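Source file: input.pdb. Holds: PDB, C-alpha atoms.
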ATOM      1  CA  MET W   1     -34.266 145.627 158.703
ATOM      2  CA  THR W   2     -36.624 142.834 159.790
ATOM      3  CA  ARG W   3     -33.736 140.948 161.414
ATOM      4  CA  ARG W   4     -32.662 144.110 163.244
ATOM      5  CA  LEU W   5     -36.192 144.633 164.574
ATOM      6  CA  ALA W   6     -36.333 141.039 165.782
ATOM      7  CA  LEU W   7     -32.946 141.191 167.539
ATOM      8  CA  VAL W   8     -33.700 144.506 169.253
ATOM      9  CA  ALA W   9     -37.169 143.305 170.291
ATOM     10  CA  LYS W  10     -35.691 140.126 171.799
ATOM     11  CA  LYS W  11     -32.998 142.083 173.646
ATOM     12  CA  VAL W  12     -35.501 144.462 175.235
ATOM     13  CA  GLY W  13     -38.341 141.986 175.675
ATOM     14  CA  VAL W  14     -40.926 143.889 173.621
ATOM     15  CA  SER W  15     -42.694 143.327 170.300
ATOM     16  CA  GLU W  16     -41.194 144.189 166.919
ATOM     17  CA  ALA W  17     -44.071 146.633 166.446
ATOM     18  CA  THR W  18     -42.972 148.539 169.562
ATOM     19  CA  VAL W  19     -39.387 148.737 168.268
ATOM     20  CA  SER W  20     -40.706 150.008 164.928
ATOM     21  CA  ARG W  21     -42.733 152.735 166.663
ATOM     22  CA  VAL W  22     -39.647 153.918 168.545
ATOM     23  CA  LEU W  23     -37.465 153.973 165.430
ATOM     24  CA  ASN W  24     -40.075 155.921 163.498
ATOM     25  CA  GLY W  25     -40.816 158.377 166.310
ATOM     26  CA  LYS W  26     -44.429 157.234 166.695
ATOM     27  CA  PRO W  27     -46.423 157.842 169.918
ATOM     28  CA  GLY W  28     -47.798 155.160 172.247
ATOM     29  CA  VAL W  29     -44.506 154.010 173.776
ATOM     30  CA  SER W  30     -43.439 154.776 177.343
ATOM     31  CA  GLU W  31     -40.244 156.756 177.887
ATOM     32  CA  GLY W  32     -38.632 153.819 179.702
ATOM     33  CA  THR W  33     -39.321 151.443 176.817
ATOM     34  CA  ARG W  34     -38.130 154.026 174.281
ATOM     35  CA  GLN W  35     -34.826 154.432 176.128
ATOM     36  CA  SER W  36     -34.435 150.649 176.397
ATOM     37  CA  VAL W  37     -34.864 150.251 172.625
ATOM     38  CA  LEU W  38     -32.325 152.999 171.886
ATOM     39  CA  THR W  39     -29.848 151.476 174.322
ATOM     40  CA  ALA W  40     -30.323 148.041 172.740
ATOM     41  CA  LEU W  41     -29.470 149.556 169.353
ATOM     42  CA  ASP W  42     -26.213 150.858 170.833
ATOM     43  CA  VAL W  43     -25.375 147.573 172.564
ATOM     44  CA  LEU W  44     -26.051 145.504 169.421
ATOM     45  CA  GLY W  45     -23.952 147.850 167.290
ATOM     46  CA  TYR W  46     -26.749 149.305 165.112
ATOM     47  CA  GLU W  47     -26.832 152.952 164.127
ATOM     48  CA  ARG W  48     -29.674 155.000 165.528
ATOM     49  CA  PRO W  49     -32.046 156.613 163.045
ATOM     50  CA  THR W  50     -30.819 160.068 162.034
ATOM     51  CA  GLN W  51     -33.490 161.928 164.013
ATOM     52  CA  LEU W  52     -32.490 160.079 167.213
ATOM     53  CA  ARG W  53     -28.718 160.403 167.062
ATOM     54  CA  GLY W  54     -28.631 163.592 169.064
ATOM     55  CA  GLU W  55     -29.871 161.798 172.164
ATOM     56  CA  ARG W  56     -27.219 160.432 174.453
ATOM     57  CA  ALA W  57     -28.034 157.283 176.355
ATOM     58  CA  ARG W  58     -27.680 157.380 180.142
ATOM     59  CA  LEU W  59     -24.430 155.734 181.200
ATOM     60  CA  VAL W  60     -23.737 153.451 184.155
ATOM     61  CA  GLY W  61     -20.239 152.349 185.093
ATOM     62  CA  LEU W  62     -19.772 148.611 185.718
ATOM     63  CA  VAL W  63     -16.442 148.210 187.502
ATOM     64  CA  LEU W  64     -14.933 144.706 187.727
ATOM     65  CA  PRO W  65     -11.632 143.618 189.280
ATOM     66  CA  GLU W  66     -10.794 141.188 186.460
ATOM     67  CA  LEU W  67     -12.238 139.073 183.652
ATOM     68  CA  GLN W  68     -10.083 135.944 184.053
ATOM     69  CA  ASN W  69     -12.345 134.559 186.770
ATOM     70  CA  PRO W  70     -15.476 133.476 184.848
ATOM     71  CA  ILE W  71     -17.766 134.740 187.625
ATOM     72  CA  PHE W  72     -17.131 138.368 186.640
ATOM     73  CA  PRO W  73     -18.057 138.055 182.936
ATOM     74  CA  ALA W  74     -21.174 136.219 184.154
ATOM     75  CA  PHE W  75     -22.112 139.146 186.391
ATOM     76  CA  ALA W  76     -21.325 141.574 183.556
ATOM     77  CA  GLU W  77     -23.705 139.738 181.223
ATOM     78  CA  VAL W  78     -26.591 139.770 183.706
ATOM     79  CA  ILE W  79     -26.057 143.350 184.888
ATOM     80  CA  GLY W  80     -25.414 144.707 181.394
ATOM     81  CA  GLY W  81     -28.586 143.120 180.044
ATOM     82  CA  ALA W  82     -30.691 144.360 182.967
ATOM     83  CA  LEU W  83     -29.299 147.899 182.567
ATOM     84  CA  ALA W  84     -30.132 147.890 178.853
ATOM     85  CA  GLN W  85     -33.717 146.889 179.627
ATOM     86  CA  GLN W  86     -33.931 149.976 181.858
ATOM     87  CA  GLY W  87     -32.673 152.277 179.107
ATOM     88  CA  LEU W  88     -29.192 152.549 180.638
ATOM     89  CA  THR W  89     -25.929 151.900 178.806
ATOM     90  CA  PRO W  90     -23.281 149.907 180.710
ATOM     91  CA  VAL W  91     -19.687 151.128 180.533
ATOM     92  CA  LEU W  92     -17.398 148.189 181.381
ATOM     93  CA  CYS W  93     -14.338 149.111 183.444
ATOM     94  CA  THR W  94     -11.885 146.293 184.196
ATOM     95  CA  GLN W  95      -8.852 146.845 186.379
ATOM     96  CA  THR W  96      -5.461 145.771 185.091
ATOM     97  CA  ARG W  97      -2.344 145.054 187.102
ATOM     98  CA  GLY W  98      -0.019 148.041 186.848
ATOM     99  CA  GLY W  99      -2.525 149.833 184.636
ATOM    100  CA  VAL W 100      -5.815 151.647 185.124
ATOM    101  CA  SER W 101      -6.988 151.471 188.736
ATOM    102  CA  GLU W 102     -10.446 151.615 190.274
ATOM    103  CA  ALA W 103      -9.807 155.232 191.287
ATOM    104  CA  ASP W 104      -8.759 156.101 187.715
ATOM    105  CA  TYR W 105     -11.944 154.580 186.345
ATOM    106  CA  VAL W 106     -14.054 156.507 188.859
ATOM    107  CA  ASP W 107     -12.437 159.755 187.690
ATOM    108  CA  LEU W 108     -13.206 158.858 184.067
ATOM    109  CA  LEU W 109     -16.796 157.939 184.903
ATOM    110  CA  LEU W 110     -17.320 161.200 186.788
ATOM    111  CA  GLN W 111     -16.038 163.099 183.749
ATOM    112  CA  GLN W 112     -18.656 161.279 181.659
ATOM    113  CA  GLN W 113     -21.385 162.350 184.122
ATOM    114  CA  VAL W 114     -22.600 158.799 184.632
ATOM    115  CA  SER W 115     -25.993 158.154 186.163
ATOM    116  CA  GLY W 116     -24.536 155.599 188.585
ATOM    117  CA  VAL W 117     -21.875 152.959 189.217
ATOM    118  CA  ILE W 118     -22.072 149.252 190.063
ATOM    119  CA  PHE W 119     -18.974 147.634 191.558
ATOM    120  CA  ALA W 120     -18.989 143.825 191.267
ATOM    121  CA  GLY W 121     -16.086 142.849 193.491
ATOM    122  CA  GLY W 122     -13.287 145.277 194.185
ATOM    123  CA  LEU W 123     -11.382 147.295 196.752
ATOM    124  CA  PHE W 124     -14.508 148.070 198.791
ATOM    125  CA  ALA W 125     -14.245 144.537 200.229
ATOM    126  CA  GLN W 126     -10.646 145.029 201.444
ATOM    127  CA  ALA W 127     -10.113 146.937 204.689
ATOM    128  CA  ASP W 128      -6.499 147.921 203.920
ATOM    129  CA  ALA W 129      -7.133 149.153 200.363
ATOM    130  CA  PRO W 130      -7.588 152.841 199.388
ATOM    131  CA  HIS W 131     -11.229 153.963 199.492
ATOM    132  CA  GLY W 132     -11.079 157.676 198.660
ATOM    133  CA  HIS W 133     -12.736 157.201 195.266
ATOM    134  CA  TYR W 134     -15.827 155.680 196.892
ATOM    135  CA  ARG W 135     -16.124 158.704 199.156
ATOM    136  CA  ARG W 136     -15.880 161.014 196.122
ATOM    137  CA  LEU W 137     -18.867 159.226 194.620
ATOM    138  CA  ALA W 138     -20.795 159.576 197.896
ATOM    139  CA  GLU W 139     -19.954 163.296 198.178
ATOM    140  CA  ARG W 140     -21.279 163.888 194.667
ATOM    141  CA  LYS W 141     -24.377 161.817 195.483
ATOM    142  CA  ILE W 142     -23.760 159.438 192.568
ATOM    143  CA  PRO W 143     -25.929 156.305 192.937
ATOM    144  CA  VAL W 144     -23.716 153.314 193.747
ATOM    145  CA  VAL W 145     -24.414 149.614 194.353
ATOM    146  CA  LEU W 146     -21.863 147.076 195.569
ATOM    147  CA  VAL W 147     -21.949 143.394 194.626
ATOM    148  CA  ASN W 148     -20.095 141.635 197.456
ATOM    149  CA  ALA W 149     -19.684 142.372 201.153
ATOM    150  CA  SER W 150     -18.064 145.725 201.925
ATOM    151  CA  ILE W 151     -15.990 147.102 204.777
ATOM    152  CA  GLU W 152     -17.564 149.219 207.501
ATOM    153  CA  GLY W 153     -17.907 152.910 206.724
ATOM    154  CA  LEU W 154     -18.976 152.559 203.083
ATOM    155  CA  ASP W 155     -22.691 153.253 203.269
ATOM    156  CA  PHE W 156     -23.878 152.029 199.868
ATOM    157  CA  PRO W 157     -26.638 149.530 199.048
ATOM    158  CA  CYS W 158     -25.102 146.105 198.666
ATOM    159  CA  VAL W 159     -26.075 142.679 197.341
ATOM    160  CA  ALA W 160     -24.021 139.706 198.473
ATOM    161  CA  CYS W 161     -24.069 135.934 198.618
ATOM    162  CA  ASP W 162     -24.355 134.695 202.198
ATOM    163  CA  ASP W 163     -20.759 133.603 202.875
ATOM    164  CA  ALA W 164     -21.640 131.974 206.187
ATOM    165  CA  VAL W 165     -24.291 129.738 204.615
ATOM    166  CA  ALA W 166     -21.946 128.881 201.723
ATOM    167  CA  VAL W 167     -19.204 127.640 204.053
ATOM    168  CA  GLU W 168     -21.668 125.785 206.255
ATOM    169  CA  GLN W 169     -23.059 123.922 203.229
ATOM    170  CA  ALA W 170     -19.619 122.971 201.940
ATOM    171  CA  TRP W 171     -18.270 122.026 205.377
ATOM    172  CA  ARG W 172     -21.264 119.874 206.299
ATOM    173  CA  HIS W 173     -21.038 118.107 202.943
ATOM    174  CA  LEU W 174     -17.391 117.139 203.504
ATOM    175  CA  ALA W 175     -18.063 116.194 207.141
ATOM    176  CA  SER W 176     -20.997 113.982 206.095
ATOM    177  CA  LEU W 177     -18.636 112.106 203.769
ATOM    178  CA  GLY W 178     -16.343 111.411 206.709
ATOM    179  CA  HIS W 179     -13.628 114.051 206.324
ATOM    180  CA  GLN W 180     -12.148 115.080 209.683
ATOM    181  CA  ARG W 181      -9.261 117.295 208.559
ATOM    182  CA  ILE W 182     -10.892 119.994 206.435
ATOM    183  CA  GLY W 183      -8.843 122.872 205.069
ATOM    184  CA  LEU W 184      -9.975 126.357 204.120
ATOM    185  CA  LEU W 185      -8.573 128.362 201.188
ATOM    186  CA  LEU W 186      -9.367 132.072 201.498
ATOM    187  CA  GLY W 187      -8.414 135.470 200.148
ATOM    188  CA  PRO W 188      -6.350 138.107 202.002
ATOM    189  CA  SER W 189      -6.878 138.702 205.727
ATOM    190  CA  ASP W 190      -8.474 142.146 205.122
ATOM    191  CA  HIS W 191     -10.998 140.707 202.628
ATOM    192  CA  VAL W 192     -14.468 140.915 204.217
ATOM    193  CA  PRO W 193     -16.067 137.866 202.493
ATOM    194  CA  SER W 194     -13.034 135.796 203.517
ATOM    195  CA  ARG W 195     -13.394 136.988 207.100
ATOM    196  CA  ARG W 196     -17.031 135.910 207.064
ATOM    197  CA  LYS W 197     -16.109 132.517 205.637
ATOM    198  CA  LEU W 198     -13.454 132.009 208.312
ATOM    199  CA  ALA W 199     -15.877 132.797 211.143
ATOM    200  CA  ALA W 200     -18.455 130.429 209.641
ATOM    201  CA  ALA W 201     -15.885 127.643 209.250
ATOM    202  CA  ARG W 202     -15.043 127.757 212.968
ATOM    203  CA  VAL W 203     -18.734 127.380 213.809
ATOM    204  CA  ALA W 204     -19.199 124.597 211.250
ATOM    205  CA  ALA W 205     -16.203 122.657 212.573
ATOM    206  CA  GLU W 206     -17.607 122.773 216.085
ATOM    207  CA  SER W 207     -21.135 121.807 215.072
ATOM    208  CA  THR W 208     -19.949 118.864 212.936
ATOM    209  CA  GLY W 209     -17.311 117.629 215.382
ATOM    210  CA  THR W 210     -14.527 117.929 212.818
ATOM    211  CA  GLN W 211     -11.006 118.978 213.732
ATOM    212  CA  TRP W 212     -10.216 122.678 213.767
ATOM    213  CA  SER W 213      -6.785 124.213 213.592
ATOM    214  CA  ASP W 214      -5.575 127.589 212.363
ATOM    215  CA  ALA W 215      -2.938 125.548 210.525
ATOM    216  CA  PHE W 216      -5.746 124.264 208.290
ATOM    217  CA  VAL W 217      -6.394 127.800 206.965
ATOM    218  CA  GLU W 218      -4.373 129.228 204.083
ATOM    219  CA  ARG W 219      -4.695 132.606 202.362
ATOM    220  CA  SER W 220      -3.915 133.424 198.779
ATOM    221  CA  ILE W 221      -4.677 135.677 195.858
ATOM    222  CA  PHE W 222      -7.785 134.482 194.014
ATOM    223  CA  SER W 223      -6.099 132.514 191.240
ATOM    224  CA  LEU W 224      -5.411 128.953 190.167
ATOM    225  CA  GLU W 225      -1.714 129.400 191.011
ATOM    226  CA  GLY W 226      -2.577 130.760 194.455
ATOM    227  CA  GLY W 227      -4.868 127.814 195.129
ATOM    228  CA  GLN W 228      -2.197 125.360 194.051
ATOM    229  CA  ALA W 229       0.442 126.854 196.350
ATOM    230  CA  ALA W 230      -1.917 127.049 199.349
ATOM    231  CA  THR W 231      -3.162 123.490 198.834
ATOM    232  CA  THR W 232       0.365 122.117 198.614
ATOM    233  CA  ARG W 233       1.041 123.490 202.098
ATOM    234  CA  LEU W 234      -2.206 122.081 203.502
ATOM    235  CA  LEU W 235      -1.631 118.630 202.020
ATOM    236  CA  GLU W 236       1.610 118.460 204.001
ATOM    237  CA  ARG W 237      -0.511 118.965 207.153
ATOM    238  CA  GLY W 238      -2.759 116.003 206.402
ATOM    239  CA  VAL W 239      -5.827 117.834 205.089
ATOM    240  CA  THR W 240      -8.140 115.614 202.991
ATOM    241  CA  GLY W 241     -11.066 117.960 202.272
ATOM    242  CA  PHE W 242     -10.831 121.500 200.916
ATOM    243  CA  VAL W 243     -13.357 124.345 201.097
ATOM    244  CA  CYS W 244     -12.265 127.061 198.669
ATOM    245  CA  GLY W 245     -13.230 130.724 198.433
ATOM    246  CA  SER W 246     -13.533 130.645 194.626
ATOM    247  CA  ASP W 247     -13.622 128.162 191.759
ATOM    248  CA  PRO W 248     -10.140 129.138 190.467
ATOM    249  CA  LEU W 249      -8.754 128.402 193.957
ATOM    250  CA  ALA W 250     -10.507 125.023 193.829
ATOM    251  CA  LEU W 251      -9.045 124.200 190.416
ATOM    252  CA  GLY W 252      -5.629 125.072 191.851
ATOM    253  CA  ALA W 253      -6.338 122.649 194.698
ATOM    254  CA  VAL W 254      -7.126 119.867 192.222
ATOM    255  CA  ARG W 255      -3.895 120.538 190.347
ATOM    256  CA  ALA W 256      -1.843 120.569 193.567
ATOM    257  CA  ALA W 257      -3.276 117.195 194.586
ATOM    258  CA  ARG W 258      -2.420 115.680 191.231
ATOM    259  CA  ARG W 259       1.106 117.055 191.337
ATOM    260  CA  LYS W 260       1.476 115.188 194.641
ATOM    261  CA  GLY W 261       0.314 111.967 193.001
ATOM    262  CA  LEU W 262      -3.093 112.098 194.719
ATOM    263  CA  ARG W 263      -6.458 111.366 193.117
ATOM    264  CA  VAL W 264      -9.507 113.668 193.263
ATOM    265  CA  PRO W 265     -11.843 112.595 194.813
ATOM    266  CA  ALA W 266     -10.490 109.177 195.861
ATOM    267  CA  ASP W 267      -7.730 110.701 198.034
ATOM    268  CA  VAL W 268      -8.682 114.374 198.274
ATOM    269  CA  SER W 269     -12.058 116.162 198.029
ATOM    270  CA  VAL W 270     -12.462 119.737 196.803
ATOM    271  CA  VAL W 271     -15.428 122.170 196.996
ATOM    272  CA  GLY W 272     -15.322 125.482 195.116
ATOM    273  CA  PHE W 273     -17.383 128.648 195.375
ATOM    274  CA  ASP W 274     -19.298 130.495 192.604
ATOM    275  CA  ASP W 275     -20.276 127.714 190.152
ATOM    276  CA  SER W 276     -18.797 129.781 187.358
ATOM    277  CA  ALA W 277     -18.761 128.756 183.700
ATOM    278  CA  PHE W 278     -17.324 125.386 182.663
ATOM    279  CA  MET W 279     -17.167 123.876 186.172
ATOM    280  CA  THR W 280     -19.189 120.963 184.750
ATOM    281  CA  CYS W 281     -16.449 120.462 182.151
ATOM    282  CA  THR W 282     -13.461 120.140 184.482
ATOM    283  CA  GLU W 283     -11.958 116.739 185.314
ATOM    284  CA  PRO W 284     -13.507 115.794 187.620
ATOM    285  CA  PRO W 285     -16.562 118.092 187.390
ATOM    286  CA  LEU W 286     -16.292 120.434 190.380
ATOM    287  CA  SER W 287     -18.535 120.297 193.436
ATOM    288  CA  THR W 288     -19.111 123.927 194.328
ATOM    289  CA  VAL W 289     -21.406 126.389 196.074
ATOM    290  CA  ARG W 290     -23.432 128.316 193.504
ATOM    291  CA  GLN W 291     -23.934 132.057 193.769
ATOM    292  CA  PRO W 292     -27.377 133.121 192.436
ATOM    293  CA  ILE W 293     -25.811 135.391 189.816
ATOM    294  CA  GLU W 294     -29.010 136.165 187.912
ATOM    295  CA  ALA W 295     -30.947 137.221 191.019
ATOM    296  CA  MET W 296     -28.034 139.189 192.479
ATOM    297  CA  GLY W 297     -27.279 141.024 189.237
ATOM    298  CA  ARG W 298     -30.887 142.015 188.652
ATOM    299  CA  ALA W 299     -31.258 143.122 192.274
ATOM    300  CA  ALA W 300     -28.177 145.328 191.891
ATOM    301  CA  VAL W 301     -29.719 147.036 188.856
ATOM    302  CA  ASP W 302     -33.066 147.443 190.626
ATOM    303  CA  LEU W 303     -31.325 149.089 193.602
ATOM    304  CA  LEU W 304     -29.389 151.406 191.298
ATOM    305  CA  CYS W 305     -32.495 152.444 189.357
ATOM    306  CA  ALA W 306     -34.357 153.087 192.624
ATOM    307  CA  GLN W 307     -31.559 155.455 193.658
ATOM    308  CA  ILE W 308     -31.530 157.191 190.283
ATOM    309  CA  GLN W 309     -35.277 157.734 190.503
ATOM    310  CA  GLY W 310     -35.176 158.549 194.227
ATOM    311  CA  THR W 311     -38.017 156.113 194.922
ATOM    312  CA  GLN W 312     -36.595 153.689 197.503
ATOM    313  CA  PRO W 313     -34.918 154.074 200.922
ATOM    314  CA  HIS W 314     -31.462 152.597 201.543
ATOM    315  CA  PRO W 315     -32.008 148.817 202.010
ATOM    316  CA  GLY W 316     -28.582 148.101 203.515
ATOM    317  CA  GLU W 317     -27.135 144.718 202.545
ATOM    318  CA  LEU W 318     -29.283 142.140 200.775
ATOM    319  CA  LEU W 319     -27.999 138.607 201.407
ATOM    320  CA  PHE W 320     -28.753 135.944 198.799
ATOM    321  CA  GLU W 321     -28.896 132.234 199.579
ATOM    322  CA  PRO W 322     -26.263 130.040 197.870
ATOM    323  CA  GLU W 323     -26.802 126.449 196.752
ATOM    324  CA  LEU W 324     -24.436 123.512 197.132
ATOM    325  CA  VAL W 325     -23.971 121.720 193.811
ATOM    326  CA  VAL W 326     -22.492 118.247 194.327
ATOM    327  CA  ARG W 327     -20.587 116.848 191.349
ATOM    328  CA  ALA W 328     -17.610 114.495 191.159
ATOM    329  CA  SER W 329     -14.803 116.247 193.084
ATOM    330  CA  THR W 330     -15.992 115.062 196.511
ATOM    331  CA  ALA W 331     -16.119 111.565 198.017
ATOM    332  CA  PRO W 332     -15.358 109.820 201.336
ATOM    333  CA  PRO W 333     -11.694 110.062 202.391
ATOM    334  CA  PRO W 334      -9.418 107.022 202.047
ATOM    335  CA  PRO W 335      -9.395 104.658 205.054
ATOM    336  CA  ALA W 336      -6.955 105.688 207.786
ATOM    337  CA  GLY W 337      -3.680 103.828 207.926
TER
END

Could I get this structure in the form of structure tokens?
Amino acid sequence: MTRRLALVAKKVGVSEATVSRVLNGKPGVSEGTRQSVLTALDVLGYERPTQLRGERARLVGLVLPELQNPIFPAFAEVIGGALAQQGLTPVLCTQTRGGVSEADYVDLLLQQQVSGVIFAGGLFAQADAPHGHYRRLAERKIPVVLVNASIEGLDFPCVACDDAVAVEQAWRHLASLGHQRIGLLLGPSDHVPSRRKLAAARVAAESTGTQWSDAFVERSIFSLEGGQAATTRLLERGVTGFVCGSDPLALGAVRAARRKGLRVPADVSVVGFDDSAFMTCTEPPLSTVRQPIEAMGRAAVDLLCAQIQGTQPHPGELLFEPELVVRASTAPPPPAG
């Protein structure tokens, strides 16, 4: 019992005495704290006291496009913890290829009468994807927050990393090392963050005096295999520095270079995007542009709670500043000739 009190108290950020008061139905605890303690019990897998089992925790859908990219479990951890501290229970919904879709999950969440939904990456960022399920949420006035840039016409609060700043940081880093032929690995052409990165790359190339060619841009699905295939094509065009739209794309770039008998970073430099888990453990450790996951995830929960409580006007899109993290995958290019 003492261990359970300590774990729940740590999860919520309150004292063990406060947890004890909630479990024993004692007064002197705010409703928000009480709900947070009950939610923490659920999240940690403890049974609620008998007298509290009739209460159903408020549910919030957390919809992710995948879990293979480490950035999404990282967002899930931050957002799930922040929701629990607000007395809300996260319901994790992960899309699967050929299986349950975003729209299917939205239908299920509506059936469960969720208090709100947070989408961390997804179809809202793709102009050519179906968006009817987002409009159903809007029609029913369900609070929604998007994590990532969205297409026009979806009027939900949004938190996003500043894609333009991210590309500028990566591009200037490679240019400062002496790279002239810099390639860009992006997602699909209808993907809004990729569009922003492309526009920023054109500006960065001009401001740094590096070569620009549409032939130095390749698009791919966000996977290691996609990055490898795209990089193989760019290497044939003489590219020596790579700015990638995700860390898995960057790891694919490293593998493609090695398959060509090239060394990273002696022959080819690679910069990723996200700074997801284990990027310090790759060989070489990956230079990348870090998304402020903790700040973005907590801001998403704050925006959702403000909607649920009806206390804050629509803030539009909140852009968060990324940070270039230089490790061992970037270096000056080999001498010409």

If you count only C-alpha atoms, which residues fall within 8 Å of W:Gln86, apart from same-chain ones fewer than 5 positions away, as an MDAnalysis selection string? chainID W and resid 32:33 35:36

Decode the PyMOL selection byres ((chain W and resi 217-234) around 8) for the given file into explicit residues and return them as a PDB file with C-alpha atoms, in the coordinates of the input.
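And here is the file that came out, expr03.pdb:
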ATOM      1  CA  ASN W  69     -12.345 134.559 186.770  1.00  0.00           C
ATOM      2  CA  GLY W 183      -8.843 122.872 205.069  1.00  0.00           C
ATOM      3  CA  LEU W 184      -9.975 126.357 204.120  1.00  0.00           C
ATOM      4  CA  LEU W 185      -8.573 128.362 201.188  1.00  0.00           C
ATOM      5  CA  LEU W 186      -9.367 132.072 201.498  1.00  0.00           C
ATOM      6  CA  GLY W 187      -8.414 135.470 200.148  1.00  0.00           C
ATOM      7  CA  PRO W 188      -6.350 138.107 202.002  1.00  0.00           C
ATOM      8  CA  SER W 189      -6.878 138.702 205.727  1.00  0.00           C
ATOM      9  CA  SER W 213      -6.785 124.213 213.592  1.00  0.00           C
ATOM     10  CA  ASP W 214      -5.575 127.589 212.363  1.00  0.00           C
ATOM     11  CA  ALA W 215      -2.938 125.548 210.525  1.00  0.00           C
ATOM     12  CA  PHE W 216      -5.746 124.264 208.290  1.00  0.00           C
ATOM     13  CA  LEU W 235      -1.631 118.630 202.020  1.00  0.00           C
ATOM     14  CA  GLU W 236       1.610 118.460 204.001  1.00  0.00           C
ATOM     15  CA  ARG W 237      -0.511 118.965 207.153  1.00  0.00           C
ATOM     16  CA  GLY W 238      -2.759 116.003 206.402  1.00  0.00           C
ATOM     17  CA  VAL W 239      -5.827 117.834 205.089  1.00  0.00           C
ATOM     18  CA  GLY W 245     -13.230 130.724 198.433  1.00  0.00           C
ATOM     19  CA  SER W 246     -13.533 130.645 194.626  1.00  0.00           C
ATOM     20  CA  PRO W 248     -10.140 129.138 190.467  1.00  0.00           C
ATOM     21  CA  LEU W 249      -8.754 128.402 193.957  1.00  0.00           C
ATOM     22  CA  ALA W 250     -10.507 125.023 193.829  1.00  0.00           C
ATOM     23  CA  LEU W 251      -9.045 124.200 190.416  1.00  0.00           C
ATOM     24  CA  GLY W 252      -5.629 125.072 191.851  1.00  0.00           C
ATOM     25  CA  ALA W 253      -6.338 122.649 194.698  1.00  0.00           C
ATOM     26  CA  VAL W 254      -7.126 119.867 192.222  1.00  0.00           C
ATOM     27  CA  ARG W 255      -3.895 120.538 190.347  1.00  0.00           C
ATOM     28  CA  ALA W 256      -1.843 120.569 193.567  1.00  0.00           C
ATOM     29  CA  ALA W 257      -3.276 117.195 194.586  1.00  0.00           C
TER      30      ALA W 257
END

Report as JSON, numbers by chain the full result of the PyMOL selection byres ((chain W and resi 90) around 10) when it is applied to this structure. {"W": [39, 43, 57, 58, 59, 60, 61, 62, 63, 76, 79, 80, 81, 82, 83, 84, 87, 88, 89, 91, 92, 93, 114, 116, 117, 118]}

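For the pair atom CA of W:Glu31 and atom CA of W:Glu16, the interatomic distance is 16.7 Å.
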
Can you list, as a ChimeraX atom specification, the residues that the PyMOL selection byres ((chain W and resi 301-315) around 7) selects here? /W:79,82-83,115-116,143-145,157,297-300,316-317

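A straight line drawn from atom CA of W:Ala127 to atom CA of W:Phe242 is 25.7 Å long.
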
Which residue out of W:Val167, W:Leu110, W:Val271, W:Ala120 has the minimum interatomic distance to W:Pro65 when all atoms listed in the file are used? W:Ala120

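The residue that comes closest to W:Pro335, out of W:Glu321, W:Arg259, W:Leu177, W:Thr210 and on the basis of all atoms listed in the file, is W:Leu177.
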
Just the residues within 6 Å of W:Asp274, please, counting all atoms listed in the file, with nothing from its chain fewer than 5 positions along; format it as number ranges by chain. W: 289-291

Between atom CA of W:Pro27 and atom CA of W:Arg4, distance in Å (one decimal): 20.6 Å

Nearest to W:Arg172: which of W:Gly241, W:Gly261, W:Pro70, W:Gly121 is it, counting all atoms listed in the file? W:Gly241

Report as JSON lines the residues of stretch 147-259 of chain W within 8 Å of stretch 329-332 of chain W, each with its shortest atom pair and distance in Å (one decimal), using only C-alpha atoms, ordered by chain and increasing residue number.
{"residue": "W:Leu174", "atom": "CA", "partner": "W:Thr330", "partner_atom": "CA", "distance": 7.4}
{"residue": "W:Leu177", "atom": "CA", "partner": "W:Pro332", "partner_atom": "CA", "distance": 4.7}
{"residue": "W:Gly178", "atom": "CA", "partner": "W:Pro332", "partner_atom": "CA", "distance": 5.7}
{"residue": "W:His179", "atom": "CA", "partner": "W:Pro332", "partner_atom": "CA", "distance": 6.8}

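Of the listed residues W:Gly272, W:Gly153, W:Pro292, W:Gly13, the one whose atoms come nearest to W:Gln85 is W:Gly13, with distances taken using all atoms listed in the file.
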
Could you work out an axis-aligned box for stretch 199-208 of chain W, taking every atom the file lists and adding 8 Å on each side, and report centre and edge lengths in Å to one decimal, as lines of an AutoDock Vina configuration file?
center_x = -18.1
center_y = 125.8
center_z = 212.7
size_x = 22.1
size_y = 29.9
size_z = 22.8

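Proximity to W:Gln126 was assessed for W:Glu139, W:Gln112, W:His191, W:Gln68 counting all atoms listed in the file; the smallest distance is recorded for W:His191.
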
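For the choices W:Ala199, W:Val326, W:Ser15, W:Asn148, the atom-to-atom distance to W:Asp162 is smallest for W:Asn148 when using all atoms listed in the file.
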